[in-house]
>>> print(open('model30.cif').read())   # mmCIF, C-alpha atoms
data_run
loop_
_atom_site.label_atom_id
_atom_site.label_comp_id
_atom_site.auth_asym_id
_atom_site.auth_seq_id
_atom_site.Cartn_x
_atom_site.Cartn_y
_atom_site.Cartn_z
CA MET A 28 -12.09 28.21 -16.44
CA LYS A 29 -12.51 24.80 -18.09
CA ASP A 30 -10.68 21.57 -17.25
CA ARG A 31 -9.11 21.57 -20.72
CA GLU A 32 -7.54 24.96 -20.05
CA ILE A 33 -6.12 23.71 -16.73
CA ASP A 34 -4.77 20.64 -18.57
CA GLU A 35 -3.07 22.90 -21.11
CA MET A 36 -1.50 25.04 -18.38
CA LEU A 37 -0.23 21.97 -16.54
CA SER A 38 1.24 20.41 -19.67
CA SER A 39 2.90 23.65 -20.77
CA ALA A 40 4.32 24.51 -17.32
CA PRO A 41 8.14 24.28 -17.22
CA LEU A 42 9.31 21.24 -15.28
CA PRO A 43 11.94 21.39 -12.54
CA PRO A 44 15.41 20.46 -13.82
CA GLY A 45 16.18 16.74 -13.89
CA PRO A 46 19.13 14.98 -12.27
CA ASP A 47 22.69 15.40 -13.39
CA PRO A 48 23.55 12.69 -16.02
CA GLU A 49 26.66 11.98 -13.97
CA ALA A 50 24.45 11.15 -10.97
CA LEU A 51 22.48 8.67 -13.10
CA ARG A 52 25.72 7.06 -14.25
CA ARG A 53 26.88 6.75 -10.62
CA ILE A 54 23.62 5.01 -9.72
CA ALA A 55 24.06 2.56 -12.60
CA ASP A 56 27.64 1.89 -11.52
CA SER A 57 26.59 1.29 -7.91
CA ILE A 58 24.25 -1.56 -8.87
CA LYS A 59 26.55 -3.12 -11.47
CA PRO A 60 28.55 -5.36 -9.07
CA SER A 61 25.37 -6.99 -7.74
CA MET A 62 23.68 -7.60 -11.09
CA ALA A 63 22.40 -11.18 -11.16
CA PRO A 64 19.26 -12.90 -12.44
CA VAL A 65 16.38 -12.99 -9.96
CA ARG A 66 13.34 -15.21 -9.84
CA PRO A 67 10.07 -13.19 -9.87
CA LEU A 68 7.47 -13.92 -7.20
CA TRP A 69 4.81 -16.58 -7.82
CA PRO A 70 1.53 -15.43 -9.39
CA ASN A 71 -1.09 -13.87 -7.09
CA TRP A 72 -3.45 -16.82 -7.27
CA ALA A 73 -0.72 -19.24 -6.17
CA LEU A 74 0.33 -17.07 -3.23
CA THR A 75 -3.30 -16.45 -2.22
CA GLY A 76 -4.09 -20.16 -2.47
CA GLY A 77 -0.98 -20.97 -0.43
CA LEU A 78 -2.07 -18.59 2.34
CA VAL A 79 -5.59 -20.04 2.44
CA LEU A 80 -4.12 -23.55 2.63
CA ILE A 81 -1.91 -22.47 5.55
CA CYS A 82 -4.96 -21.00 7.25
CA ALA A 83 -6.96 -24.22 6.77
CA ALA A 84 -4.05 -26.43 7.80
CA VAL A 85 -3.51 -24.53 11.08
CA ALA A 86 -7.25 -24.60 11.86
CA PHE A 87 -7.47 -28.36 11.19
CA ALA A 88 -4.26 -29.12 13.09
CA GLY A 89 -5.53 -27.14 16.09
CA ALA A 90 -8.91 -28.87 16.01
CA ALA A 91 -7.28 -32.29 15.51
CA ARG A 92 -5.37 -31.73 18.75
CA ALA A 93 -8.31 -30.27 20.71
CA GLY A 94 -11.16 -32.24 19.11
CA PHE A 95 -13.79 -31.58 16.43
CA SER A 96 -16.64 -31.35 18.96
CA GLY A 97 -17.92 -27.99 17.68
CA VAL A 98 -18.42 -28.98 14.07
CA GLU A 99 -19.95 -32.30 15.16
CA LYS A 100 -22.57 -30.42 17.20
CA MET A 101 -23.52 -28.12 14.30
CA ASP A 102 -26.34 -28.96 11.88
CA TRP A 103 -25.70 -28.93 8.12
CA LEU A 104 -26.92 -25.34 7.63
CA GLU A 105 -24.64 -24.04 10.39
CA ARG A 106 -21.67 -25.92 8.94
CA ALA A 107 -22.35 -24.70 5.42
CA LEU A 108 -22.82 -21.04 6.36
CA VAL A 109 -20.07 -20.73 8.98
CA PHE A 110 -17.33 -22.48 7.00
CA SER A 111 -18.22 -20.97 3.63
CA ALA A 112 -18.15 -17.48 5.22
CA LEU A 113 -14.79 -18.26 6.83
CA GLY A 114 -13.42 -19.58 3.52
CA LEU A 115 -14.65 -16.53 1.62
CA PHE A 116 -13.20 -14.05 4.10
CA ALA A 117 -9.93 -15.99 4.31
CA TRP A 118 -9.58 -15.83 0.50
CA ALA A 119 -10.31 -12.08 0.52
CA ALA A 120 -7.85 -11.46 3.38
CA ALA A 121 -5.16 -13.57 1.70
CA SER A 122 -5.66 -11.66 -1.56
CA VAL A 123 -5.35 -8.27 0.19
CA PHE A 124 -2.25 -9.49 2.07
CA VAL A 125 -0.57 -10.70 -1.15
CA ARG A 126 -1.31 -7.39 -2.92
CA ALA A 127 0.03 -5.46 0.05
CA MET A 128 3.33 -7.32 -0.31
CA ILE A 129 3.78 -6.47 -4.01
CA PRO A 130 4.49 -2.82 -4.92
CA GLY A 131 2.21 -1.31 -7.56
CA SER A 132 -0.51 -3.95 -7.16
CA ARG A 133 -4.12 -3.17 -7.93
CA ARG A 134 -6.14 -2.47 -4.75
CA ARG A 135 -9.84 -3.26 -4.68
CA ILE A 136 -10.38 -2.93 -0.94
CA SER A 137 -8.25 -1.44 1.82
CA ALA A 138 -6.96 -3.56 4.72
CA GLY A 139 -9.13 -1.55 7.14
CA ALA A 140 -12.28 -2.10 5.06
CA LEU A 141 -11.42 -5.80 4.82
CA LEU A 142 -11.19 -6.07 8.62
CA ALA A 143 -14.51 -4.25 9.05
CA ALA A 144 -16.18 -6.49 6.43
CA CYS A 145 -14.82 -9.68 8.04
CA CYS A 146 -15.95 -8.67 11.54
CA ALA A 147 -19.38 -7.51 10.37
CA GLY A 148 -19.83 -10.55 8.11
CA LEU A 149 -18.87 -13.06 10.79
CA ALA A 150 -21.01 -11.32 13.41
CA GLY A 151 -23.93 -11.35 10.95
CA VAL A 152 -23.60 -15.08 10.25
CA PHE A 153 -23.24 -15.89 13.96
CA ALA A 154 -26.22 -13.71 14.89
CA LEU A 155 -28.32 -15.39 12.21
CA LEU A 156 -27.46 -18.96 13.21
CA PHE A 157 -27.02 -18.98 16.97
CA ARG A 158 -30.11 -17.97 18.94
CA ASP A 159 -29.35 -19.26 22.44
CA TYR A 160 -29.35 -16.03 24.42
CA HIS A 161 -28.45 -17.63 27.78
CA SER A 162 -25.04 -16.85 29.11
CA THR A 163 -23.01 -18.92 31.56
CA HIS A 164 -19.38 -18.30 32.52
CA PHE A 165 -19.37 -15.53 29.93
CA VAL A 166 -15.95 -14.11 30.78
CA SER A 167 -14.04 -17.23 31.87
CA ALA A 168 -15.25 -19.39 28.94
CA GLY A 169 -14.83 -16.45 26.59
CA LEU A 170 -11.26 -15.70 27.59
CA LEU A 171 -10.37 -19.34 27.08
CA CYS A 172 -11.71 -19.23 23.51
CA LEU A 173 -10.02 -15.88 22.87
CA VAL A 174 -6.64 -17.22 24.00
CA THR A 175 -7.10 -20.40 21.94
CA GLY A 176 -7.97 -18.37 18.85
CA ILE A 177 -5.04 -15.98 19.24
CA ALA A 178 -2.70 -18.90 19.96
CA HIS A 179 -3.60 -20.36 16.56
CA ALA A 180 -3.48 -17.01 14.79
CA ALA A 181 0.18 -16.52 15.71
CA PRO A 182 1.56 -19.58 13.82
CA THR A 183 -0.70 -18.78 10.85
CA ALA A 184 0.81 -15.29 10.65
CA LEU A 185 4.31 -16.70 10.97
CA LEU A 186 3.78 -19.28 8.19
CA GLY A 187 2.11 -16.65 6.01
CA TRP A 188 5.08 -14.35 6.46
CA LEU A 189 7.42 -17.23 5.50
CA LEU A 190 5.46 -17.74 2.27
CA LEU A 191 5.58 -14.01 1.42
CA ARG A 192 9.00 -13.19 2.88
CA ARG A 193 10.36 -12.24 -0.58
CA GLY A 194 7.65 -9.63 -1.00
CA PHE A 195 8.09 -5.96 -0.16
CA ALA A 196 5.39 -4.07 1.71
CA VAL A 197 5.35 -0.41 0.73
CA ARG A 198 2.81 0.10 3.52
CA PRO A 199 3.84 -2.28 6.30
CA VAL A 200 0.98 -1.30 8.63
CA ALA A 201 -1.65 -2.16 5.99
CA ALA A 202 0.18 -5.42 5.19
CA GLY A 203 0.29 -6.27 8.93
CA LEU A 204 -3.40 -5.48 9.31
CA ALA A 205 -4.29 -7.80 6.41
CA ALA A 206 -1.96 -10.55 7.68
CA GLY A 207 -3.46 -10.24 11.17
CA THR A 208 -6.99 -10.43 9.79
CA LEU A 209 -6.13 -13.60 7.88
CA ALA A 210 -4.43 -15.14 10.92
CA GLY A 211 -7.42 -14.21 13.10
CA LEU A 212 -9.74 -16.02 10.68
CA ALA A 213 -7.63 -19.18 11.15
CA GLY A 214 -8.10 -18.72 14.91
CA VAL A 215 -11.88 -18.43 14.45
CA GLY A 216 -11.71 -21.56 12.28
CA VAL A 217 -10.20 -23.55 15.16
CA LEU A 218 -12.89 -22.26 17.53
CA GLU A 219 -15.73 -23.15 15.15
CA LEU A 220 -14.34 -26.65 14.70
CA HIS A 221 -13.75 -27.21 18.40
CA CYS A 222 -15.92 -25.01 20.65
CA VAL A 223 -19.25 -26.53 21.76
CA ASN A 224 -20.48 -23.37 23.47
CA PHE A 225 -23.23 -22.19 21.09
CA GLU A 226 -24.48 -19.31 23.25
CA ALA A 227 -25.03 -16.30 20.97
CA ALA A 228 -23.25 -13.81 23.22
CA HIS A 229 -20.22 -16.08 23.62
CA ILE A 230 -19.77 -16.65 19.88
CA LEU A 231 -20.58 -13.08 18.86
CA VAL A 232 -18.22 -11.48 21.34
CA TRP A 233 -15.36 -13.87 22.00
CA HIS A 234 -15.05 -15.77 18.74
CA THR A 235 -15.43 -12.67 16.58
CA ALA A 236 -12.98 -10.72 18.79
CA VAL A 237 -10.11 -12.95 17.67
CA VAL A 238 -10.12 -11.27 14.25
CA PRO A 239 -9.77 -7.58 15.29
CA LEU A 240 -7.31 -8.42 18.08
CA SER A 241 -5.10 -10.40 15.74
CA ALA A 242 -5.40 -7.67 13.08
CA VAL A 243 -4.37 -4.95 15.54
CA ALA A 244 -1.39 -7.07 16.63
CA GLY A 245 -0.43 -7.46 12.95
CA ALA A 246 -0.72 -3.71 12.35
CA LEU A 247 1.46 -3.00 15.40
CA ILE A 248 4.12 -5.40 14.12
CA GLY A 249 3.89 -3.64 10.75
CA LEU A 250 4.39 -0.29 12.47
CA ILE A 251 7.47 -1.57 14.30
CA VAL A 252 8.85 -3.02 11.05
CA SER A 253 8.30 0.27 9.21
CA GLN A 254 10.08 2.24 11.95
CA ARG A 255 13.01 -0.12 12.08
CA ARG A 256 13.45 -0.55 8.36
CA LYS A 257 16.86 0.72 7.33
CA PRO A 258 17.63 2.55 4.08
CA ALA A 259 18.59 0.27 1.16
CA MET B 21 4.78 10.34 -22.21
CA HIS B 22 6.15 6.89 -21.50
CA GLU B 23 6.48 3.72 -23.52
CA ASP B 24 4.94 1.12 -21.26
CA GLY B 25 5.76 -1.88 -23.45
CA ASN B 26 9.44 -0.99 -23.49
CA LEU B 27 9.56 -0.38 -19.77
CA GLU B 28 8.09 -3.78 -19.07
CA MET B 29 10.43 -5.49 -21.48
CA LEU B 30 13.38 -3.69 -19.90
CA MET B 31 12.24 -4.72 -16.41
CA ALA B 32 12.01 -8.36 -17.50
CA ARG B 33 15.56 -8.13 -18.88
CA TYR B 34 16.72 -6.39 -15.70
CA GLN B 35 15.36 -9.33 -13.71
CA GLU B 36 17.35 -11.64 -15.96
CA GLY B 37 20.51 -9.78 -14.95
CA ASP B 38 20.96 -7.59 -18.03
CA PHE B 39 22.95 -4.51 -16.93
CA ALA B 40 22.29 -2.60 -20.16
CA ALA B 41 18.54 -2.86 -19.51
CA ALA B 42 19.04 -1.61 -15.94
CA ALA B 43 21.11 1.36 -17.17
CA THR B 44 18.46 2.23 -19.78
CA LEU B 45 15.75 2.11 -17.09
CA ILE B 46 17.79 4.42 -14.86
CA ASP B 47 18.20 6.88 -17.73
CA ARG B 48 14.53 6.76 -18.60
CA ILE B 49 12.84 6.60 -15.18
CA GLY B 50 15.51 8.45 -13.16
CA PRO B 51 14.54 11.97 -14.34
CA GLN B 52 10.81 11.31 -13.69
CA LEU B 53 11.49 10.07 -10.18
CA HIS B 54 13.87 12.97 -9.56
CA ARG B 55 11.13 15.43 -10.51
CA PHE B 56 8.72 13.52 -8.26
CA PHE B 57 11.06 14.05 -5.29
CA ALA B 58 12.08 17.59 -6.23
CA ALA B 59 8.46 18.72 -6.47
CA GLN B 60 7.80 17.65 -2.89
CA LEU B 61 11.12 18.58 -1.29
CA GLN B 62 12.10 21.65 -3.28
CA SER B 63 15.73 20.71 -2.73
CA ARG B 64 17.86 19.28 -5.48
CA ALA B 65 20.36 17.71 -3.09
CA HIS B 66 17.59 15.86 -1.23
CA ALA B 67 16.06 14.74 -4.52
CA ASP B 68 19.46 13.38 -5.64
CA ASP B 69 19.83 11.44 -2.36
CA LEU B 70 16.34 10.03 -2.57
CA LEU B 71 16.80 9.03 -6.20
CA GLN B 72 19.96 7.12 -5.28
CA GLU B 73 18.20 5.44 -2.35
CA THR B 74 15.18 4.58 -4.48
CA TRP B 75 17.31 2.85 -7.10
CA LEU B 76 19.14 0.84 -4.47
CA ARG B 77 15.76 -0.22 -3.08
CA ILE B 78 14.45 -1.00 -6.58
CA HIS B 79 17.52 -3.11 -7.22
CA LYS B 80 17.06 -4.99 -3.95
CA VAL B 81 13.39 -5.81 -4.55
CA ARG B 82 13.40 -6.13 -8.34
CA HIS B 83 12.11 -9.70 -8.03
CA THR B 84 8.77 -8.27 -6.77
CA TYR B 85 8.00 -6.88 -10.23
CA ARG B 86 5.64 -9.21 -12.07
CA PRO B 87 6.39 -9.55 -15.81
CA GLY B 88 3.39 -8.29 -17.77
CA GLU B 89 2.20 -5.90 -15.05
CA PRO B 90 2.55 -2.13 -15.63
CA ALA B 91 6.08 -1.14 -14.58
CA LEU B 92 5.63 2.58 -13.91
CA PRO B 93 3.29 2.16 -10.88
CA TRP B 94 5.77 -0.35 -9.46
CA PHE B 95 8.59 2.23 -9.66
CA TYR B 96 6.46 5.00 -8.20
CA ALA B 97 5.14 2.81 -5.37
CA ILE B 98 8.72 2.16 -4.26
CA ALA B 99 9.67 5.83 -4.71
CA ARG B 100 6.73 6.89 -2.54
CA HIS B 101 7.78 4.41 0.12
CA VAL B 102 11.35 5.75 0.11
CA ARG B 103 10.05 9.30 0.40
CA VAL B 104 7.80 8.45 3.35
CA ASP B 105 10.66 6.58 5.01
CA HIS B 106 12.97 9.53 4.50
CA TYR B 107 10.37 11.87 5.92
CA ARG B 108 9.94 9.69 9.00
CA ARG B 109 13.68 9.45 9.57
CA SER B 110 14.08 13.19 9.18
CA ILE B 111 11.29 13.87 11.63
CA ARG B 112 13.00 11.68 14.21
CA GLY B 113 15.93 14.10 14.32
CA GLN B 114 15.12 17.49 15.76
CA ALA B 115 17.10 19.39 13.17
CA GLY B 116 15.52 17.34 10.39
CA ALA B 117 12.09 18.07 11.74
CA ARG B 118 12.70 21.80 11.79
CA ARG B 119 14.15 21.74 8.28
CA LEU B 120 11.26 19.68 6.89
CA GLU B 121 8.73 21.88 8.59
CA ALA B 122 10.30 24.90 6.97
CA VAL B 123 10.43 23.15 3.60
CA SER B 124 6.82 21.96 3.70
CA ARG B 125 5.61 25.37 4.94
CA ASN B 126 7.54 26.87 2.10
CA ALA B 127 6.06 24.39 -0.40
CA ALA B 128 2.53 25.01 0.76
CA SER B 129 2.70 28.76 0.80
CA THR B 130 4.90 29.54 -2.17
CA ALA B 131 3.23 32.60 -3.69
CA PRO B 132 3.23 32.48 -7.48
CA ASP B 133 4.81 35.78 -8.39
CA ALA B 134 4.80 37.02 -11.96
CA GLU B 135 8.05 35.27 -12.85
CA ARG B 136 7.12 31.87 -11.41
CA ALA B 137 3.45 31.96 -12.36
CA HIS B 138 3.91 29.29 -15.02
CA ASP B 139 6.16 27.03 -12.89
CA LEU B 140 4.60 23.69 -12.13
CA ASP B 141 5.48 24.11 -8.44
CA ALA B 142 3.78 27.47 -8.32
CA LEU B 143 0.72 26.18 -10.15
CA LEU B 144 0.36 23.25 -7.76
CA ALA B 145 1.12 25.25 -4.61
CA PRO B 146 -2.50 25.48 -3.36
CA LEU B 147 -2.91 21.69 -3.47
CA SER B 148 -2.36 19.31 -0.56
CA ALA B 149 0.60 16.92 -0.77
CA GLY B 150 -1.66 14.04 -1.81
CA GLU B 151 -3.46 16.04 -4.49
CA ARG B 152 -0.18 17.41 -5.84
CA GLU B 153 1.27 13.92 -6.02
CA VAL B 154 -1.73 12.61 -7.97
CA ILE B 155 -1.71 15.56 -10.41
CA GLU B 156 2.03 15.15 -11.00
CA MET B 157 1.65 11.46 -11.74
CA LEU B 158 -1.28 12.06 -14.10
CA LYS B 159 -0.16 15.21 -15.89
CA VAL B 160 3.64 15.13 -15.67
CA ALA B 161 4.48 11.43 -15.65
CA GLY B 162 1.57 10.73 -18.00
CA MET B 163 0.18 7.86 -15.98
CA SER B 164 -3.42 6.64 -16.25
CA LEU B 165 -5.90 6.74 -13.33
CA GLU B 166 -5.44 3.00 -12.90
CA GLU B 167 -1.65 3.36 -12.77
CA VAL B 168 -1.85 6.20 -10.24
CA ALA B 169 -4.17 4.09 -8.09
CA ARG B 170 -1.67 1.23 -8.18
CA ALA B 171 1.27 3.52 -7.39
CA THR B 172 -0.48 5.16 -4.45
CA SER B 173 -1.96 1.89 -3.08
CA SER B 174 -5.46 3.27 -3.41
CA THR B 175 -8.52 2.74 -5.55
CA VAL B 176 -9.34 4.44 -8.86
CA GLY B 177 -12.36 6.06 -7.16
CA SER B 178 -10.18 7.65 -4.51
CA VAL B 179 -7.75 8.97 -7.16
CA LYS B 180 -10.66 10.46 -9.14
CA GLN B 181 -11.88 12.17 -5.97
CA LYS B 182 -8.45 13.73 -5.36
CA VAL B 183 -8.22 14.90 -8.98
CA HIS B 184 -11.69 16.42 -8.75
CA ARG B 185 -10.77 18.32 -5.57
CA ALA B 186 -7.42 19.40 -7.04
CA TYR B 187 -9.06 20.74 -10.21
CA GLY B 188 -11.55 22.65 -8.08
CA LYS B 189 -8.71 24.36 -6.21
CA LEU B 190 -6.74 25.03 -9.40
CA ARG B 191 -9.82 26.50 -11.10
CA GLU B 192 -10.43 28.77 -8.13
CA LYS B 193 -6.81 29.92 -8.04
CA LEU B 194 -6.40 30.43 -11.77
CA SER B 195 -9.74 32.24 -12.14
CA GLY B 196 -8.72 34.52 -9.28
CA MET B 197 -5.42 35.25 -10.96
CA ARG B 198 -7.15 36.04 -14.26
CA THR B 199 -9.43 38.50 -12.50
CA GLY B 200 -6.50 40.24 -10.82
CA LYS B 201 -4.36 40.13 -13.95
CA GLY B 202 -4.50 43.86 -14.61
CA THR B 203 -3.04 44.79 -11.25
CA ARG B 204 -0.64 41.90 -10.53
CA GLY B 205 0.45 40.59 -13.92
CA GLY B 206 -1.19 37.15 -13.78
CA LEU B 207 -1.02 33.96 -15.76
CA SER B 208 -2.34 34.53 -19.23
#
>>> encode(input="model30.cif", output="C-alpha cells")
Amino acid sequence: MKDREIDEMLSSAPLPPGPDPEALRRIADSIKPSMAPVRPLWPNWALTGGLVLICAAVAFAGAARAGFSGVEKMDWLERALVFSALGLFAWAAASVFVRAMIPGSRRRISAGALLAACCAGLAGVFALLFRDYHSTHFVSAGLLCLVTGIAHAAPTALLGWLLLRRGFAVRPVAAGLAAGTLAGLAGVGVLELHCVNFEAAHILVWHTAVVPLSAVAGALIGLIVSQRRKPA
Amino acid sequence: MHEDGNLEMLMARYQEGDFAAAATLIDRIGPQLHRFFAAQLQSRAHADDLLQETWLRIHKVRHTYRPGEPALPWFYAIARHVRVDHYRRSIRGQAGARRLEAVSRNAASTAPDAERAHDLDALLAPLSAGEREVIEMLKVAGMSLEEVARATSSTVGSVKQKVHRAYGKLREKLSGMRTGKGTRGGLS
C-alpha cells in the first residue's frame, strides 16, 4: 500500500461530529464582557537581549561586590574563550527560555539538549584552558563556589521571570529547565569574574555544577507550577 | 483546509478588542479543536468542556500571540496544554483515573469493525497518542510539518519521524485488512 493511498483514506474518512453551534455561541458570550485591547509581547530578540542583559548585570554586580580577582588573574586567551562561551550559551539559553514562554513558537533545540550542550561546552572550555591538576581544599573551596554561584542564579531567575511574566509556558518544566540553565550561567559568570582558584578539578566540577543544579531547581519549580495551575 | 492569512488578521483584530473577530475565530477554530479533543477522549461531553476551557485560556493569554506568526499552531499549542492539564487533574482523582484508563484502553484497542472501518478513529486506532495527534494535525487540520512542530513544541525532524512511524503502522494495518477482506469485509 502506497503513502498516497493512505493519504486518500485519511482525507476521505468521516470526521467525528463537531460541537453544537449553541455551545460555540455560549463560548463567545462568555468572553464578551472581558473583551479589551491587549498589548502583544515584545519581539523575541528584545526579550532574549533583555534576559542576557539581566544575566550580565547580575554577574557584574556580584563580582563588583566580591571583587574581580578571577578575571584579573586570567590571560587574554582565557578571558576571550571563557566569556565568549558564556555569552554564547547565555544567548542560546535566553532564546530557548523566551520560546518556551510563547505558545506555538518554533523550537530548534529542546531545553534538555540546551542544558547538556551548555555543560559539555563549558567543561570543554575549562578542560582546554586550565591545566593545573593539583587539588587543595577540593570540597570546602568547591562548596563555597557552588553556593556563591547558586546564590547569584536565584536573583537572575527571578528577574528573568519578571521580564517574561506575561508569557505563557505550555510546558512549564521545559521553561523552568531553560530558565534555570540561564540563571546558572549567570552564577558561573560571577565565579569566573571572581574566583582565583584555577585548579582544573575545582573549575570543572564545582563551577560547571552550578548550571545543572540551577537547571534542575528551575525544572522542579516548573513542575510545581504546572501541578498548581488552575483551569482558566 | 484553513486560511492562514485570515486567521492571523482575525487574531490581530481580536487583540485589538474586536468581539466580531473573536466570534469568527471561535466559529472557525472551535470545530477543529473540538475534533482534536474528541479524537483523544472519545467523549463529546468532555470535548465540549475542554473546548470551553481552551477558549477561556486563549482569551486570557491572547497577548502571547505575535502578529505575523502562524496562528493555528498557537491555538493548538494551548489546546494541547489544556488537554494535558485536564488529564493530570483527572488522574489525581481516583474515579477520574479509572475512567480515563478505561477511555484510553478503549481508544487504543477499538477494533475497526466493518461499519466503522472508514471512521478516522478506527483508522488511527493502532497509533500511539503522539502519532495520532500528529496525523490529525497534518491530515485533518491541514497543518504543515512546520506548524505541527510549533504546536507540539518539537522539531520538524521529530514530527517527520512520528509521521514515518505512523504511516508504517497504518500501512501494516491496512494491508492486513485488504488481505483478510474476503472473510471479514475490510476497507476497500
>>> resolve_selection(input="model30.cif", expression="the PyMOL selection byres ((chain A) within 6 of (chain B))", output="list in words")
Ala40, Pro41, Gly45, Pro46, Ala55, Met62, Ala63, Pro64, Val65, Arg66, Pro67, Leu68, Ile129, Pro130, Gly131, Ser132, Arg133, Arg134, Val197 and Ala259 of chain A
>>> atom_distance(input="model30.cif", atom1="CA of Gly207 in chain A", atom2="CA of Ala244 in chain A")
6.6 Å
>>> atom_distance(input="model30.cif", atom1="CA of Ile49 in chain B", atom2="CA of Arg52 in chain A")
12.9 Å
>>> closest_residue(input="model30.cif", among="A:Val215, A:Ala246, A:Ala202, A:Ile58", to="Cys145 in chain A", atoms="all atoms listed in the file")
A:Val215
>>> atom_distance(input="model30.cif", atom1="CA of Ala205 in chain A", atom2="CA of Ala127 in chain A")
8.0 Å
>>> closest_residue(input="model30.cif", among="A:Ala83, A:Cys222, A:Ala93, A:Ala180", to="Ala117 in chain A", atoms="all atoms listed in the file")
A:Ala83
>>> closest_residue(input="model30.cif", among="B:Val179, B:Ala186, B:Ala41, B:Leu165", to="Arg152 in chain B", atoms="all atoms listed in the file")
B:Ala186
>>> resolve_selection(input="model30.cif", expression="the PyMOL selection byres ((chain A and resi 169) around 9)", output="tab-separated table (two decimals) with C-alpha atoms, keeping the file's coordinate frame")
chain	number	residue	atom	x	y	z
A	164	HIS	CA	-19.38	-18.30	32.52
A	165	PHE	CA	-19.37	-15.53	29.93
A	166	VAL	CA	-15.95	-14.11	30.78
A	167	SER	CA	-14.04	-17.23	31.87
A	168	ALA	CA	-15.25	-19.39	28.94
A	170	LEU	CA	-11.26	-15.70	27.59
A	171	LEU	CA	-10.37	-19.34	27.08
A	172	CYS	CA	-11.71	-19.23	23.51
A	173	LEU	CA	-10.02	-15.88	22.87
A	174	VAL	CA	-6.64	-17.22	24.00
A	229	HIS	CA	-20.22	-16.08	23.62
A	230	ILE	CA	-19.77	-16.65	19.88
A	232	VAL	CA	-18.22	-11.48	21.34
A	233	TRP	CA	-15.36	-13.87	22.00
A	234	HIS	CA	-15.05	-15.77	18.74
>>> resolve_selection(input="model30.cif", expression="the PyMOL selection byres ((chain A and resi 114) around 10)", output="compact mmCIF listing (two decimals) with C-alpha atoms, in the coordinates of the input")
# COMPACT_ATOMS: atom_id res chain seq x y z
CA VAL A 79 -5.59 -20.04 2.44
CA CYS A 82 -4.96 -21.00 7.25
CA ALA A 83 -6.96 -24.22 6.77
CA LEU A 108 -22.82 -21.04 6.36
CA VAL A 109 -20.07 -20.73 8.98
CA PHE A 110 -17.33 -22.48 7.00
CA SER A 111 -18.22 -20.97 3.63
CA ALA A 112 -18.15 -17.48 5.22
CA LEU A 113 -14.79 -18.26 6.83
CA LEU A 115 -14.65 -16.53 1.62
CA PHE A 116 -13.20 -14.05 4.10
CA ALA A 117 -9.93 -15.99 4.31
CA TRP A 118 -9.58 -15.83 0.50
CA ALA A 119 -10.31 -12.08 0.52
CA ALA A 120 -7.85 -11.46 3.38
CA LEU A 212 -9.74 -16.02 10.68
CA ALA A 213 -7.63 -19.18 11.15
CA GLY A 216 -11.71 -21.56 12.28
>>> closest_residue(input="model30.cif", among="A:Lys59, A:Arg106, A:Lys100, A:Lys29", to="Leu156 in chain A", atoms="only C-alpha atoms")
A:Arg106
>>> closest_residue(input="model30.cif", among="A:Ala121, A:Asp30, A:Ser38, A:Val85", to="Trp72 in chain A", atoms="all atoms listed in the file")
A:Ala121
>>> closest_residue(input="model30.cif", among="A:Gly89, A:Thr208, A:Asp159, A:Pro199", to="Leu141 in chain A", atoms="only C-alpha atoms")
A:Thr208
